[in-house]
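Below is work-v7.txt, holding compact mmCIF, C-alpha atoms.
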```
# COMPACT_ATOMS: atom_id res chain seq x y z
CA MET A 8 -103.55 -121.06 -169.98
CA ASN A 9 -103.07 -117.59 -171.54
CA PHE A 10 -104.27 -114.89 -169.15
CA ARG A 11 -105.22 -112.65 -172.07
CA LYS A 12 -107.90 -115.13 -173.12
CA MET A 13 -109.43 -115.15 -169.65
CA ARG A 14 -109.93 -111.47 -169.26
CA ARG A 15 -113.53 -110.90 -170.34
CA GLY A 16 -116.40 -110.38 -167.90
CA ASN A 17 -115.11 -112.90 -165.41
CA LEU A 18 -112.02 -110.76 -164.76
CA ALA A 19 -113.94 -107.63 -163.75
CA VAL A 20 -116.36 -109.73 -161.71
CA GLY A 21 -113.39 -111.39 -160.03
CA VAL A 22 -111.95 -107.96 -159.18
CA ALA A 23 -115.23 -106.87 -157.61
CA VAL A 24 -115.61 -110.05 -155.55
CA SER A 25 -111.95 -110.12 -154.51
CA ALA A 26 -111.92 -106.44 -153.53
CA TYR A 27 -115.12 -106.87 -151.54
CA ILE A 28 -113.77 -109.87 -149.66
CA ALA A 29 -110.46 -108.13 -148.99
CA THR A 30 -111.95 -104.86 -147.72
CA SER A 31 -115.36 -105.90 -146.32
CA GLY A 32 -115.18 -109.66 -145.85
CA ALA A 33 -114.27 -109.32 -142.17
CA ALA A 34 -117.87 -108.16 -141.59
CA ALA A 35 -118.79 -111.86 -141.73
CA LEU A 36 -116.82 -112.33 -138.50
CA ILE A 37 -118.28 -109.42 -136.53
CA PRO A 38 -121.48 -111.26 -135.45
CA PHE A 39 -119.27 -113.91 -133.82
CA PRO A 40 -116.95 -113.74 -130.78
CA VAL A 41 -113.72 -113.98 -132.80
CA GLY A 42 -114.63 -110.94 -134.88
CA GLN A 43 -115.85 -108.98 -131.88
CA GLU A 44 -112.60 -109.65 -130.05
CA GLN A 45 -110.52 -108.29 -132.95
CA LEU A 46 -112.80 -105.31 -133.36
CA GLY A 47 -112.51 -104.61 -129.65
CA ARG A 48 -108.72 -104.54 -129.93
CA LEU A 49 -109.00 -102.24 -132.93
CA PHE A 50 -111.11 -99.72 -131.04
CA PHE A 51 -109.51 -100.03 -127.59
CA PRO A 52 -110.07 -98.18 -125.28
CA GLN A 53 -113.33 -97.16 -126.99
CA GLU A 54 -116.08 -99.77 -126.55
CA VAL A 55 -118.07 -101.15 -129.47
CA PRO A 56 -121.84 -100.82 -128.70
CA TYR A 57 -122.89 -104.38 -129.43
CA ALA A 58 -125.98 -104.11 -127.20
CA TRP A 59 -127.21 -101.30 -129.46
CA MET A 60 -126.62 -103.33 -132.65
CA THR A 61 -129.89 -105.24 -132.61
CA THR A 62 -129.62 -105.96 -136.36
CA LEU A 63 -126.16 -107.56 -136.10
CA GLY A 64 -126.39 -111.04 -137.64
CA SER A 65 -130.02 -110.52 -138.73
CA PRO A 66 -131.36 -111.72 -142.12
CA THR A 67 -131.11 -108.15 -143.42
CA TYR A 68 -127.48 -107.99 -142.31
CA TRP A 69 -126.57 -111.16 -144.19
CA LEU A 70 -128.61 -110.23 -147.26
CA LEU A 71 -126.81 -106.89 -147.58
CA PHE A 72 -123.47 -108.56 -146.97
CA LEU A 73 -124.10 -111.12 -149.74
CA LEU A 74 -125.41 -108.73 -152.42
CA THR A 75 -121.97 -108.03 -153.89
CA LEU A 76 -120.94 -111.67 -153.68
CA VAL A 77 -124.06 -113.08 -155.35
CA VAL A 78 -126.32 -110.56 -157.10
CA LEU A 79 -123.58 -108.44 -158.69
CA PRO A 80 -121.82 -111.36 -160.45
CA ILE A 81 -125.14 -112.71 -161.72
CA ALA A 82 -126.10 -109.32 -163.17
CA ALA A 83 -122.67 -108.85 -164.80
CA ILE A 84 -122.51 -112.29 -166.40
CA ALA A 85 -126.15 -112.12 -167.55
CA THR A 86 -125.59 -108.71 -169.19
CA GLU A 87 -122.49 -109.94 -170.97
CA LYS A 88 -124.37 -112.93 -172.37
CA VAL A 89 -127.29 -110.77 -173.53
CA PHE A 90 -124.98 -108.45 -175.50
CA ALA A 91 -122.53 -111.15 -176.56
CA SER A 92 -123.56 -110.87 -180.22
CA ALA A 93 -123.19 -107.09 -180.37
CA THR A 94 -120.37 -105.85 -182.60
CA LEU A 95 -118.61 -102.50 -182.58
CA SER A 96 -115.94 -101.46 -185.04
CA PHE A 97 -113.29 -98.91 -184.08
CA SER A 98 -109.92 -98.13 -185.57
CA ASP A 99 -107.13 -99.22 -183.25
CA GLU A 100 -104.57 -96.94 -184.93
CA VAL A 101 -104.58 -94.03 -182.50
CA PRO A 102 -101.77 -91.54 -183.29
CA LEU A 103 -99.33 -91.50 -180.38
CA TRP A 104 -99.43 -87.72 -180.08
CA ILE A 105 -103.10 -87.81 -179.03
CA PRO A 106 -102.67 -89.59 -175.64
CA LEU A 107 -99.44 -87.64 -175.05
CA VAL A 108 -101.16 -84.30 -175.60
CA LEU A 109 -104.13 -85.31 -173.46
CA ALA A 110 -101.84 -86.46 -170.64
CA GLY A 111 -99.66 -83.37 -170.92
CA ALA A 112 -102.65 -81.04 -170.65
CA MET A 113 -104.00 -82.84 -167.58
CA ILE A 114 -100.58 -82.95 -165.91
CA ALA A 115 -100.06 -79.24 -166.51
CA PHE A 116 -103.41 -78.49 -164.90
CA CYS A 117 -102.69 -80.71 -161.88
CA VAL A 118 -99.21 -79.28 -161.33
CA TYR A 119 -100.63 -75.76 -161.52
CA LYS A 120 -103.37 -76.54 -158.98
CA LEU A 121 -100.96 -78.33 -156.65
CA ALA A 122 -98.49 -75.45 -156.81
CA GLN A 123 -101.28 -73.04 -155.96
CA ALA A 124 -102.14 -75.19 -152.93
CA GLY A 125 -98.51 -75.24 -151.78
CA GLY A 126 -98.28 -79.02 -152.09
CA LEU A 127 -95.96 -79.56 -155.03
CA SER A 128 -93.12 -80.78 -152.81
CA ALA A 129 -95.36 -83.52 -151.28
CA SER A 130 -93.39 -83.09 -148.05
CA GLU A 131 -96.44 -83.58 -145.81
CA ALA A 132 -96.69 -87.23 -146.89
CA TRP A 133 -93.47 -88.31 -145.17
CA ASP A 134 -92.80 -85.47 -142.74
CA GLN A 135 -92.67 -87.31 -139.40
CA SER A 136 -92.85 -84.07 -137.47
CA LEU A 137 -96.52 -84.06 -138.50
CA CYS A 138 -98.77 -86.55 -136.68
CA TYR A 139 -101.68 -88.37 -138.24
CA GLU A 140 -104.34 -85.80 -137.29
CA GLU A 141 -102.31 -83.00 -138.86
CA LYS A 142 -101.93 -84.99 -142.07
CA ILE A 143 -105.65 -85.70 -142.14
CA LEU A 144 -106.40 -81.99 -141.76
CA ARG A 145 -104.02 -81.23 -144.61
CA ARG A 146 -105.68 -83.92 -146.75
CA VAL A 147 -109.08 -82.38 -146.11
CA GLU A 148 -107.73 -78.92 -146.88
CA LEU A 149 -106.36 -80.14 -150.20
CA PHE A 150 -109.77 -81.55 -151.20
CA SER A 151 -111.19 -78.04 -151.24
CA LEU A 152 -108.07 -76.31 -152.60
CA LEU A 153 -107.48 -78.66 -155.53
CA GLY A 154 -111.06 -79.27 -156.61
CA ASN A 155 -112.81 -82.24 -158.16
CA LYS A 156 -111.17 -81.94 -161.59
CA TYR A 157 -107.68 -82.44 -160.11
CA TYR A 158 -108.74 -85.68 -158.41
CA SER A 159 -110.64 -86.81 -161.52
CA PHE A 160 -107.47 -86.55 -163.59
CA VAL A 161 -105.16 -88.11 -160.95
CA TYR A 162 -107.49 -90.90 -159.80
CA SER A 163 -108.97 -91.88 -163.16
CA SER A 164 -108.02 -90.28 -166.47
CA LEU A 165 -104.21 -90.18 -166.15
CA PRO A 166 -103.94 -93.78 -164.83
CA ILE A 167 -105.98 -95.05 -167.78
CA ILE A 168 -103.73 -93.20 -170.23
CA GLY A 169 -100.75 -94.74 -168.43
CA CYS A 170 -102.25 -98.20 -168.92
CA TYR A 171 -102.90 -97.45 -172.60
CA LEU A 172 -99.29 -96.35 -173.14
CA LEU A 173 -97.96 -99.44 -171.35
CA ALA A 174 -100.15 -101.79 -173.40
CA ARG A 175 -99.21 -99.98 -176.60
CA GLY A 176 -95.50 -100.10 -175.79
CA LEU A 177 -95.61 -103.83 -175.08
CA LEU A 178 -97.87 -104.88 -177.96
CA LYS A 179 -96.28 -102.66 -180.61
CA ARG A 180 -92.79 -102.67 -179.12
CA GLU A 181 -92.75 -98.88 -179.05
CA LYS A 182 -89.99 -97.61 -176.79
CA ILE A 183 -91.44 -94.10 -176.88
CA SER A 184 -94.72 -95.38 -175.44
CA LEU A 185 -92.91 -97.29 -172.69
CA GLY A 186 -90.81 -94.25 -171.85
CA ALA A 187 -93.90 -92.03 -171.79
CA CYS A 188 -95.63 -94.53 -169.50
CA ALA A 189 -92.66 -94.54 -167.11
CA ALA A 190 -92.54 -90.73 -166.99
CA LEU A 191 -96.31 -90.49 -166.55
CA SER A 192 -96.23 -93.10 -163.77
CA VAL A 193 -93.65 -91.17 -161.76
CA ILE A 194 -95.77 -88.02 -162.10
CA VAL A 195 -99.03 -89.76 -161.17
CA LEU A 196 -97.49 -91.37 -158.09
CA TRP A 197 -96.07 -88.01 -157.05
CA LEU A 198 -99.45 -86.30 -157.51
CA ASP A 199 -101.06 -89.08 -155.42
CA VAL A 200 -98.54 -88.84 -152.59
CA ALA A 201 -98.78 -85.04 -152.61
CA THR A 202 -102.43 -85.33 -151.51
CA VAL A 203 -101.34 -87.35 -148.43
CA GLN A 204 -102.98 -90.57 -149.61
CA LYS A 205 -101.60 -93.99 -150.37
CA ALA A 206 -104.66 -95.86 -151.71
CA PRO A 207 -104.67 -94.12 -155.14
CA ALA A 208 -100.94 -94.78 -155.56
CA LEU A 209 -101.40 -98.47 -154.74
CA LEU A 210 -104.36 -98.75 -157.10
CA TYR A 211 -102.27 -97.28 -159.90
CA VAL A 212 -99.53 -99.82 -159.34
CA LEU A 213 -102.15 -102.59 -159.38
CA VAL A 214 -103.74 -101.45 -162.65
CA LEU A 215 -100.30 -101.23 -164.27
CA GLY A 216 -99.69 -104.81 -163.13
CA LEU A 217 -103.03 -105.85 -164.59
CA THR A 218 -102.13 -104.14 -167.86
CA LEU A 219 -98.83 -106.03 -167.95
CA ALA A 220 -100.67 -109.34 -167.59
CA LEU A 221 -103.29 -108.45 -170.20
CA SER A 222 -100.58 -107.38 -172.64
CA GLY A 223 -98.87 -110.77 -172.58
CA PHE A 224 -96.07 -109.99 -170.12
CA GLY A 225 -96.89 -113.15 -168.20
CA LEU A 226 -99.09 -113.62 -165.16
CA VAL A 227 -96.33 -114.68 -162.77
CA ARG A 228 -93.88 -111.99 -163.85
CA SER A 229 -96.61 -109.33 -163.70
CA ALA A 230 -97.59 -110.45 -160.20
CA VAL A 231 -93.99 -110.41 -158.95
CA VAL A 232 -93.35 -106.90 -160.30
CA THR A 233 -96.68 -105.58 -158.99
CA ILE A 234 -96.33 -107.07 -155.51
CA ALA A 235 -92.77 -105.83 -155.16
CA ALA A 236 -93.59 -102.29 -156.27
CA GLY A 237 -96.91 -102.08 -154.42
CA GLY A 238 -95.52 -103.57 -151.21
CA THR A 239 -92.60 -101.16 -151.17
CA ILE A 240 -94.85 -98.13 -151.70
CA TYR A 241 -97.38 -99.31 -149.12
CA LEU A 242 -94.82 -99.94 -146.39
CA ALA A 243 -93.02 -96.67 -147.06
CA LEU A 244 -96.20 -94.61 -146.90
CA ALA A 245 -97.74 -96.57 -144.00
CA LEU A 246 -94.66 -96.29 -141.80
CA SER A 247 -94.34 -92.59 -142.59
CA GLN A 248 -97.64 -92.05 -140.74
CA PHE A 249 -95.95 -92.72 -137.40
CA CYS A 250 -94.91 -89.33 -136.09
CA GLU A 251 -92.06 -88.34 -133.83
CA VAL A 252 -93.57 -87.15 -130.56
CA LYS A 253 -92.01 -83.91 -129.39
CA SER A 254 -93.97 -83.46 -126.18
CA THR A 255 -96.10 -85.42 -123.75
CA GLY A 256 -98.99 -82.98 -123.90
CA PRO A 257 -102.54 -84.04 -124.86
CA THR A 258 -103.26 -84.89 -128.46
CA LEU A 259 -106.40 -85.22 -130.50
CA ALA A 260 -108.09 -88.49 -129.65
CA SER A 261 -108.83 -90.82 -132.51
CA PRO A 262 -109.68 -94.51 -132.72
CA PRO A 263 -107.07 -97.04 -133.81
CA GLY A 264 -108.10 -97.98 -137.32
CA ARG A 265 -108.46 -96.44 -140.76
CA SER A 266 -110.71 -96.88 -143.77
CA LEU A 267 -110.55 -95.75 -147.36
CA ALA A 268 -110.52 -92.01 -147.77
CA VAL A 269 -112.68 -90.75 -150.61
CA PRO A 270 -113.65 -87.12 -151.25
CA LEU A 271 -117.42 -86.69 -151.18
CA PRO A 272 -118.79 -83.89 -153.37
CA GLY A 273 -119.85 -80.85 -151.41
CA SER A 274 -118.19 -81.79 -148.12
CA ASP A 275 -114.86 -82.17 -146.46
CA SER A 276 -114.13 -85.83 -146.04
CA SER A 277 -111.51 -88.03 -144.59
CA SER A 278 -111.49 -91.26 -142.75
CA PRO A 279 -109.23 -91.05 -139.74
CA LEU A 280 -110.35 -94.30 -138.29
CA GLY A 281 -107.18 -94.21 -136.34
CA SER A 282 -104.00 -92.49 -135.50
CA PRO A 283 -100.81 -94.47 -135.73
CA SER A 284 -99.14 -91.79 -133.66
CA THR A 285 -97.14 -92.83 -130.65
CA ALA A 286 -98.97 -90.18 -128.65
CA ASP A 287 -102.03 -92.25 -127.86
CA GLY A 288 -101.30 -92.68 -124.21
CA GLU A 289 -99.11 -95.74 -124.66
CA PRO A 290 -95.36 -95.80 -124.17
CA SER A 291 -93.41 -95.75 -127.40
CA GLU A 292 -91.44 -98.85 -128.29
CA SER A 293 -88.46 -99.37 -130.48
CA GLY A 294 -86.72 -102.28 -132.08
CA LEU A 295 -88.37 -105.51 -133.17
CA SER A 296 -91.26 -105.23 -130.70
CA GLY A 297 -92.23 -101.79 -131.99
CA VAL A 298 -92.03 -102.87 -135.63
CA LEU A 299 -94.12 -105.97 -134.87
CA LYS A 300 -96.81 -103.90 -133.15
CA LYS A 301 -96.92 -101.52 -136.11
CA ALA A 302 -97.20 -104.46 -138.50
CA ILE A 303 -100.10 -105.97 -136.51
CA TRP A 304 -101.79 -102.57 -136.48
CA ILE A 305 -101.42 -102.23 -140.25
CA VAL A 306 -102.83 -105.71 -140.90
CA ARG A 307 -105.77 -105.33 -138.50
CA THR A 308 -106.78 -101.93 -139.84
CA GLY A 309 -106.46 -103.20 -143.41
CA VAL A 310 -108.74 -106.15 -142.70
CA PHE A 311 -111.41 -104.10 -140.91
CA ARG A 312 -111.12 -100.77 -142.72
CA MET A 313 -114.42 -101.15 -144.61
CA ALA A 314 -115.99 -103.99 -142.65
CA VAL A 315 -116.21 -101.96 -139.45
CA GLY A 316 -118.94 -99.77 -140.95
CA ILE A 317 -121.29 -102.53 -142.08
CA PRO A 318 -123.05 -103.26 -138.76
CA TYR A 319 -123.46 -99.51 -138.19
CA TYR A 320 -124.99 -98.99 -141.63
CA VAL A 321 -127.46 -101.82 -141.15
CA GLN A 322 -128.43 -100.63 -137.66
CA ILE A 323 -128.73 -96.91 -138.40
CA PHE A 324 -130.60 -97.19 -141.69
CA SER A 325 -132.96 -99.95 -140.61
CA ASP A 326 -134.94 -96.89 -139.51
CA PRO A 327 -136.44 -95.42 -142.74
CA ASP A 328 -136.38 -91.94 -141.24
CA GLN A 329 -132.59 -92.06 -141.10
CA ARG A 330 -132.11 -92.84 -144.78
CA CYS A 331 -130.68 -90.10 -146.96
CA GLY A 332 -128.59 -89.46 -150.03
CA ILE A 333 -131.23 -89.56 -152.75
CA VAL A 334 -132.96 -86.23 -153.18
CA ARG A 335 -135.97 -85.80 -155.45
CA PRO A 336 -134.87 -83.07 -157.90
CA THR A 337 -136.85 -79.85 -158.31
CA PHE A 338 -136.46 -77.22 -161.02
CA SER A 339 -135.35 -74.67 -158.43
CA GLY A 340 -132.84 -76.93 -156.71
CA LEU A 341 -131.10 -79.03 -159.36
CA LEU A 342 -127.71 -77.60 -158.43
CA ALA A 343 -128.29 -77.42 -154.68
CA PRO A 344 -125.76 -79.31 -152.53
CA GLN A 345 -126.86 -82.65 -151.16
CA PRO A 346 -127.98 -82.14 -147.54
CA CYS A 347 -126.88 -85.52 -146.21
CA TYR A 348 -124.31 -88.20 -146.92
CA PRO A 349 -124.69 -91.64 -145.32
CA ALA A 350 -120.89 -92.05 -145.12
CA THR A 351 -120.44 -88.94 -142.97
CA LYS A 352 -123.53 -89.78 -140.92
CA VAL A 353 -122.20 -93.24 -140.07
CA PHE A 354 -118.73 -91.92 -139.31
CA ALA A 355 -120.14 -89.50 -136.74
CA VAL A 356 -121.85 -92.39 -134.94
CA ILE A 357 -118.82 -94.67 -134.98
CA TYR A 358 -116.35 -92.00 -133.91
CA PRO A 359 -118.12 -89.36 -131.80
CA ALA A 360 -114.74 -88.15 -130.49
CA ILE A 361 -113.62 -87.07 -133.97
CA THR A 362 -114.73 -83.45 -134.10
CA TYR A 363 -111.71 -81.77 -135.65
CA THR A 364 -112.76 -82.72 -139.20
CA THR A 365 -115.64 -84.27 -141.14
CA GLY A 366 -114.97 -87.98 -141.55
CA SER A 367 -116.27 -90.50 -144.03
CA GLN A 368 -117.01 -94.20 -143.50
CA PRO A 369 -117.69 -95.34 -147.07
CA ALA A 370 -119.60 -98.40 -148.24
CA GLY A 371 -120.18 -100.12 -151.57
CA VAL A 372 -123.20 -99.79 -153.83
CA GLY A 373 -125.35 -102.35 -152.01
CA LEU A 374 -124.90 -101.06 -148.48
CA SER A 375 -124.96 -97.43 -149.61
CA GLY A 376 -128.13 -98.18 -151.55
CA TYR A 377 -129.74 -99.47 -148.36
CA ALA A 378 -128.73 -96.25 -146.59
CA GLU A 379 -130.13 -94.16 -149.43
CA GLY A 380 -133.41 -95.88 -150.26
CA GLY A 381 -133.90 -99.13 -148.38
CA LEU A 382 -133.62 -102.78 -149.35
CA PHE A 383 -135.22 -102.51 -152.79
CA TYR A 384 -132.85 -99.76 -153.90
CA ALA A 385 -129.91 -101.70 -152.47
CA VAL A 386 -130.72 -104.61 -154.77
CA LEU A 387 -131.44 -102.31 -157.73
CA ALA A 388 -128.17 -100.39 -157.34
CA THR A 389 -126.24 -103.67 -157.17
CA VAL A 390 -127.94 -104.96 -160.34
CA ILE A 391 -127.20 -101.71 -162.20
CA ALA A 392 -123.55 -101.77 -161.16
CA GLY A 393 -123.20 -105.43 -162.15
CA SER A 394 -124.85 -104.78 -165.52
CA LEU A 395 -122.40 -101.96 -166.24
CA ILE A 396 -119.48 -104.25 -165.46
CA GLY A 397 -120.85 -106.77 -167.95
CA LEU A 398 -121.43 -104.08 -170.58
CA ILE A 399 -117.88 -102.73 -170.30
CA SER A 400 -116.56 -106.24 -170.77
CA VAL A 401 -118.55 -106.53 -174.00
CA LEU A 402 -117.00 -103.26 -175.25
CA ALA A 403 -113.46 -104.47 -174.50
CA ARG A 404 -113.17 -107.64 -176.52
CA GLY A 405 -110.20 -106.75 -178.69
CA ASN A 406 -106.50 -107.24 -178.05
CA ASP A 407 -105.41 -103.73 -179.06
CA PRO A 408 -104.18 -101.13 -176.50
CA VAL A 409 -107.48 -99.21 -176.35
CA ASN A 410 -109.48 -102.37 -175.61
CA ILE A 411 -106.99 -103.47 -172.96
CA ALA A 412 -107.18 -100.03 -171.31
CA THR A 413 -110.98 -100.23 -171.47
CA GLN A 414 -110.91 -103.59 -169.71
CA VAL A 415 -108.63 -102.13 -167.05
CA ALA A 416 -111.10 -99.24 -166.64
CA GLY A 417 -113.85 -101.82 -166.16
CA CYS A 418 -111.83 -103.54 -163.45
CA LEU A 419 -111.20 -100.21 -161.70
CA TYR A 420 -114.92 -99.50 -161.87
CA ALA A 421 -115.58 -102.95 -160.42
CA TYR A 422 -113.29 -102.10 -157.50
CA TYR A 423 -115.02 -98.80 -156.77
CA VAL A 424 -118.39 -100.54 -156.85
CA THR A 425 -117.30 -102.22 -153.61
CA GLN A 426 -116.22 -98.94 -152.02
CA VAL A 427 -118.69 -96.12 -152.79
CA PRO A 428 -122.36 -95.48 -153.74
CA LEU A 429 -123.70 -96.04 -157.24
CA THR A 430 -123.81 -92.39 -158.30
CA ALA A 431 -120.25 -91.90 -157.02
CA THR A 432 -119.00 -94.84 -159.12
CA LEU A 433 -120.35 -93.03 -162.17
CA LEU A 434 -119.80 -89.31 -161.65
CA ASP A 435 -117.28 -88.63 -158.89
CA SER A 436 -113.54 -88.15 -159.40
CA TYR A 437 -113.02 -91.94 -159.46
CA GLY A 438 -116.18 -92.48 -161.50
CA LEU A 439 -116.70 -94.37 -164.74
CA VAL A 440 -117.17 -91.14 -166.69
CA TRP A 441 -113.61 -90.02 -165.92
CA LEU A 442 -112.18 -93.49 -166.51
CA ILE A 443 -113.70 -93.74 -169.98
CA ALA A 444 -113.30 -90.07 -170.98
CA PRO A 445 -109.65 -90.23 -172.22
CA LEU A 446 -110.32 -93.41 -174.19
CA ALA A 447 -113.44 -91.89 -175.74
CA ALA A 448 -111.47 -88.75 -176.58
CA MET A 449 -108.76 -90.81 -178.29
CA ARG A 450 -111.37 -92.68 -180.31
CA ALA A 451 -113.19 -89.46 -181.25
CA LEU A 452 -110.06 -87.55 -182.27
CA THR A 453 -108.80 -90.50 -184.33
CA TRP A 454 -112.15 -90.71 -186.11
CA MET A 455 -112.20 -86.96 -186.79
CA ILE A 456 -108.66 -87.09 -188.21
CA SER A 457 -109.54 -90.02 -190.47
CA ILE A 458 -112.65 -88.21 -191.75
CA THR A 459 -110.63 -85.07 -192.44
CA LEU A 460 -107.94 -86.95 -194.34
CA ARG A 461 -110.51 -88.60 -196.58
CA LYS A 462 -111.79 -85.27 -197.84
```
Reformat the file's structure so that it appears as structure tokens.
Amino acid sequence: MNFRKMRRGNLAVGVAVSAYIATSGAAALIPFPVGQEQLGRLFFPQEVPYAWMTTLGSPTYWLLFLLTLVVLPIAAIATEKVFASATLSFSDEVPLWIPLVLAGAMIAFCVYKLAQAGGLSASEAWDQSLCYEEKILRRVELFSLLGNKYYSFVYSSLPIIGCYLLARGLLKREKISLGACAALSVIVLWLDVATVQKAPALLYVLVLGLTLALSGFGLVRSAVVTIAAGGTIYLALALSQFCEVKSTGPTLASPPGRSLAVPLPGSDSSSPLGSPSTADGEPSESGLSGVLKKAIWIVRTGVFRMAVGIPYYVQIFSDPDQRCGIVRPTFSGLLAPQPCYPATKVFAVIYPAITYTTGSQPAGVGLSGYAEGGLFYAVLATVIAGSLIGLISVLARGNDPVNIATQVAGCLYAYYVTQVPLTATLLDSYGLVWLIAPLAAMRALTWMISITLRK
């Protein structure tokens, strides 16, 4: 069966469900002994406060866990069916110079900001003289130095232009588009690595692989290329986090795990759920045994990186007085910074020893909605997110490069729905606004040019 014919709403829904299972699915094991044993190994020597978690395995716990698996797909598929008869007509003949100029302007801005921050060499990403805590501090520093616009371009807008150029090059057999995509990809990956993060780089490789499949490259070939490239990048960046210990003095204590790092507006944020440094009080090992232990650590932290926060969210925000994140706007305080973020609040409870930076333990729209406004808002936020996924699928029905890039943007949005709160999926640097902006700009400029030429 042709993969291109299967890509409508079910694809974005599949991305959301798959991403949720991959990053949060282990939360289904935590109420049981097998999950608690693995979590205990992850946190050792810190103890997990199971006696305090009175909501672990409760009906509320399971309802919140199942929202993304059940309610979100229903909302997405229902929305797509409701708007199935809607028709939109856009010209698919976008002049090639438009995406190239847009990408060039954004790259110039990002390079300028990164140079100002002293990070253009990206040396901190693989410098093994720097341990994990030092890299985390540098990551947090870069959040404030680079600003939200930098991350909006690197996380969202530039990757979508890269996907458009790849789809255009394959569908129209334009070598210039393929070359531009290759050059842009190298730059985007460099800009990602320069911020001491690997998740954005991996996501970019994945969306390029998805674009390959949607453009008729072949599902198997696309998967092989994507897995090879993504696996190589992941291993290289993950192993670079292990620092060379120069002394036996005390180091900053941090728990042995790590979750997705996302910058929260108005605060420093990181997620040092663990330090893969060899200076954690254990003797360093070399050879096969050391590599095996590192591999087990990487797998365990990957499986639990989001799931570890779920029982804490449910427990903490079962108390209505603890809920925060939605502030009733006033005319005098529309631009005031948000006073509380559930992700940072939960992180402080999970990792009380982490005091050298402000950490973030993110959660998807359902769980974040519960932290912000209770069970009703959790369901509402999930329905809204699912409906948007269905609506984007309706807008991306065509087989031209813009429609393929739009579908990829919908899949990226579907992924972020499982990682961050509803408002963040829309407005933050990885939000839907920044994913759609370059495609909307291409459409608008093409329309303006066509109107001008008719006169």
Which value, in Å to one decimal, gives the distance between CA of Ala302 (chain A) and CA of Phe51 (chain A)? 17.0 Å
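Residue nearest Leu49 (chain A) within the list A:Gly309, A:Gly225, A:Pro445, A:Gly21: A:Gly309 [criterion: smallest interatomic distance, all atoms listed in the file].
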Which residues are close to region 324-327 of chain A, i.e. within 8 Å by all atoms listed in the file, leaving aside same-chain residues fewer than 2 positions away? Reply as a VMD selection string. chain A and resid 320 to 322 329 to 330 377 to 378 381
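Reported to one decimal place, the separation of CA of Cys418 (chain A) from CA of Ile317 (chain A) is 23.4 Å.
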Residue list as JSON, numbers by chain for point (-94.9, -88.4, -157.3), cut-off 12 Å, only C-alpha atoms: {"A": [114, 117, 118, 121, 126, 127, 128, 129, 130, 132, 161, 189, 190, 191, 192, 193, 194, 195, 196, 197, 198, 199, 200, 201, 202, 203, 204, 205, 207, 208, 211, 240]}
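Nearest residue to Leu213 (chain A), choosing from A:Arg228, A:Ile399, A:Ala82, A:Ile234 and counting only C-alpha atoms: A:Ile234.
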Would you list the contacts of Ile323 (chain A) as number ranges by chain, taking every protein, DNA or RNA residue within 12 Å and counting all atoms listed in the file, but skipping same-chain residues closer than 3 positions in sequence? A: 59-63, 68, 316-320, 326-331, 349-350, 352-357, 374-375, 377-379, 381
Okay, now the selection with C-alpha atoms, as a tab-separated table (two decimals), in the frame of the given file?
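The new file selection.tsv reads:
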```tsv
chain	number	residue	atom	x	y	z
A	59	TRP	CA	-127.21	-101.30	-129.46
A	60	MET	CA	-126.62	-103.33	-132.65
A	61	THR	CA	-129.89	-105.24	-132.61
A	62	THR	CA	-129.62	-105.96	-136.36
A	63	LEU	CA	-126.16	-107.56	-136.10
A	68	TYR	CA	-127.48	-107.99	-142.31
A	316	GLY	CA	-118.94	-99.77	-140.95
A	317	ILE	CA	-121.29	-102.53	-142.08
A	318	PRO	CA	-123.05	-103.26	-138.76
A	319	TYR	CA	-123.46	-99.51	-138.19
A	320	TYR	CA	-124.99	-98.99	-141.63
A	326	ASP	CA	-134.94	-96.89	-139.51
A	327	PRO	CA	-136.44	-95.42	-142.74
A	328	ASP	CA	-136.38	-91.94	-141.24
A	329	GLN	CA	-132.59	-92.06	-141.10
A	330	ARG	CA	-132.11	-92.84	-144.78
A	331	CYS	CA	-130.68	-90.10	-146.96
A	349	PRO	CA	-124.69	-91.64	-145.32
A	350	ALA	CA	-120.89	-92.05	-145.12
A	352	LYS	CA	-123.53	-89.78	-140.92
A	353	VAL	CA	-122.20	-93.24	-140.07
A	354	PHE	CA	-118.73	-91.92	-139.31
A	355	ALA	CA	-120.14	-89.50	-136.74
A	356	VAL	CA	-121.85	-92.39	-134.94
A	357	ILE	CA	-118.82	-94.67	-134.98
A	374	LEU	CA	-124.90	-101.06	-148.48
A	375	SER	CA	-124.96	-97.43	-149.61
A	377	TYR	CA	-129.74	-99.47	-148.36
A	378	ALA	CA	-128.73	-96.25	-146.59
A	379	GLU	CA	-130.13	-94.16	-149.43
A	381	GLY	CA	-133.90	-99.13	-148.38
```
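Near (-108.6, -77.3, -153.9), the residues that fall inside 12 Å on the basis of all atoms listed in the file are Cys117, Tyr119, Lys120, Leu121, Ala122, Gln123, Ala124, Gly125, Gly126, Arg145, Arg146, Val147, Glu148, Leu149, Phe150, Ser151, Leu152, Leu153, Gly154, Asn155, Lys156, Tyr157, Tyr158, Thr202, Pro270 and Asp275 of chain A.
Going from CA of Gly64 (chain A) to CA of Tyr348 (chain A) covers 24.7 Å.
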